[in-house]
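Following: one structure in structure tokens, then a few remarks.
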Amino acid sequence: GKTGMSMETREVDEATAAQLQLGTSGGGQLFAFVHNREYQGVQRQFLLAVESFDHNNISRVLNMHPYHVDSLLTLSEVCRVQGDVQLAGELIERALYCLERSFHALFNPVLGTCRLLYRQAENRPYFLALFRHMQFVSQRGCHRTALEFAKALLSLDPRGDPLALLLQLDTLALRAREYDFMQRFYSEFEEDKALSLLPNWAYSMALLHLARGDEPTATAVLERALVLFPSVL
């Protein structure tokens, strides 16, 4: 395509399917981004620009190749550090637009059954773009939208969770006042993820019960959290 990227499906064996939590009844698929030869050449230019430690060189790469995602992500981070949050967010949105143009016809991250391997380098920009967009959206006060992005991002690799979304999902759910989702998520994943042994979830569950008006349970959960993680205070 015009972006120099495309997306393909990948065949997986039973062990990999189990690791990725893909349904045995064909309920999910593994996808992967692919770069064509021209995009690979641009990627090499980008890496040379990064090694120069001069973000102006990255800007030149982007001026010549406006659909290069890694350049967009890197310059977005430069803008964020320099305090230009608006431009940083716009660059992330451009990166997402470029990535979405490359989607496979069957890829829909909202479904919760599409998987991507973070360890494959071509896939990482999508993880990072979605993660940073989630952060920008939350900073604008759109916590419910940010929570939906977090759900979609976690569904890409629910077992590996390469960006540690379990450490943010509870905060987003509380801010969005999605108490039913938070309780359901905790109940379903406590055994597999040991959420009660994560400090953020231990304290957030107390806040959840308090928000629901159940002060006795909130107090008991808070006391347990303080015993397990006293250094939080």
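Each chain of the structure tokens is named A, B, ... in the order shown, its residues numbered from 1; ligands are numbered from 1 in display order.
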- A:Phe181: which residues within 12 Å, counting only C-alpha atoms, same-chain residues fewer than 2 positions away excluded, as number ranges by chain? A: 144, 147-148, 151, 169-170, 172-174, 176-179, 183-189, 208
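Residues in contact range of A:Leu99, defined as at most 8 Å between only C-alpha atoms, with sequence neighbours fewer than 5 positions away removed, read Met5, Val69 and Tyr126 of chain A.
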Contacts between stretch 48-62 of chain A and stretch 72-179 of chain A, please, where a residue of stretch 72-179 of chain A counts if it comes within 8 Å (with only C-alpha atoms); show its shortest atom pair and distance in Å to one decimal, rows by chain and ascending number, as JSON lines.
```
{"residue": "A:Leu72", "atom": "CA", "partner": "A:Leu62", "partner_atom": "CA", "distance": 7.2}
{"residue": "A:Leu75", "atom": "CA", "partner": "A:His55", "partner_atom": "CA", "distance": 7.2}
{"residue": "A:Val78", "atom": "CA", "partner": "A:His55", "partner_atom": "CA", "distance": 7.8}
```
- Item | Those of stretch 72-175 of chain A in DSSP alpha helix (DSSP H), formatted as an NGL selection string | :A and (72-81 or 85-100 or 124-139 or 143-156 or 169-175)
- Contacts of A:Leu156 within 8 Å, only C-alpha atoms, excl. fewer than 5 positions in-chain, as number ranges by chain: A: 109, 112-117
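The gap separating atom CA of A:Asn36 from atom CA of A:Ala17 is 27.1 Å, in Å to one decimal.
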- Task: Run DSSP on the backbone and grab whatever in stretch 5-227 of chain A lands in strand (DSSP E); send it over as a ChimeraX atom specification.
- Result: /A:5-10,29-35,114-116
What would the file look like if the residues just selected were written as a PDB file, in the first residue's frame with C-alpha atoms?
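The new file out38.pdb reads:
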```pdb
ATOM      1  CA  MET A   5       3.161  -1.598   5.185  1.00  0.00           C
ATOM      2  CA  SER A   6       0.646  -4.397   5.038  1.00  0.00           C
ATOM      3  CA  MET A   7      -0.726  -7.016   7.404  1.00  0.00           C
ATOM      4  CA  GLU A   8      -0.847 -10.775   7.061  1.00  0.00           C
ATOM      5  CA  THR A   9      -2.286 -13.664   9.025  1.00  0.00           C
ATOM      6  CA  ARG A  10       0.041 -16.189  10.637  1.00  0.00           C
ATOM      7  CA  GLN A  29      -6.247 -15.254  14.668  1.00  0.00           C
ATOM      8  CA  LEU A  30      -2.633 -14.172  14.818  1.00  0.00           C
ATOM      9  CA  PHE A  31      -1.686 -11.226  12.601  1.00  0.00           C
ATOM     10  CA  ALA A  32       1.583  -9.498  11.752  1.00  0.00           C
ATOM     11  CA  PHE A  33       2.589  -6.229  10.108  1.00  0.00           C
ATOM     12  CA  VAL A  34       4.867  -6.579   7.075  1.00  0.00           C
ATOM     13  CA  HIS A  35       7.188  -3.955   5.552  1.00  0.00           C
ATOM     14  CA  CYS A 114      -7.037 -10.651  17.185  1.00  0.00           C
ATOM     15  CA  ARG A 115      -3.486 -11.209  18.371  1.00  0.00           C
ATOM     16  CA  LEU A 116      -0.154  -9.533  17.610  1.00  0.00           C
TER      17      LEU A 116
END
```
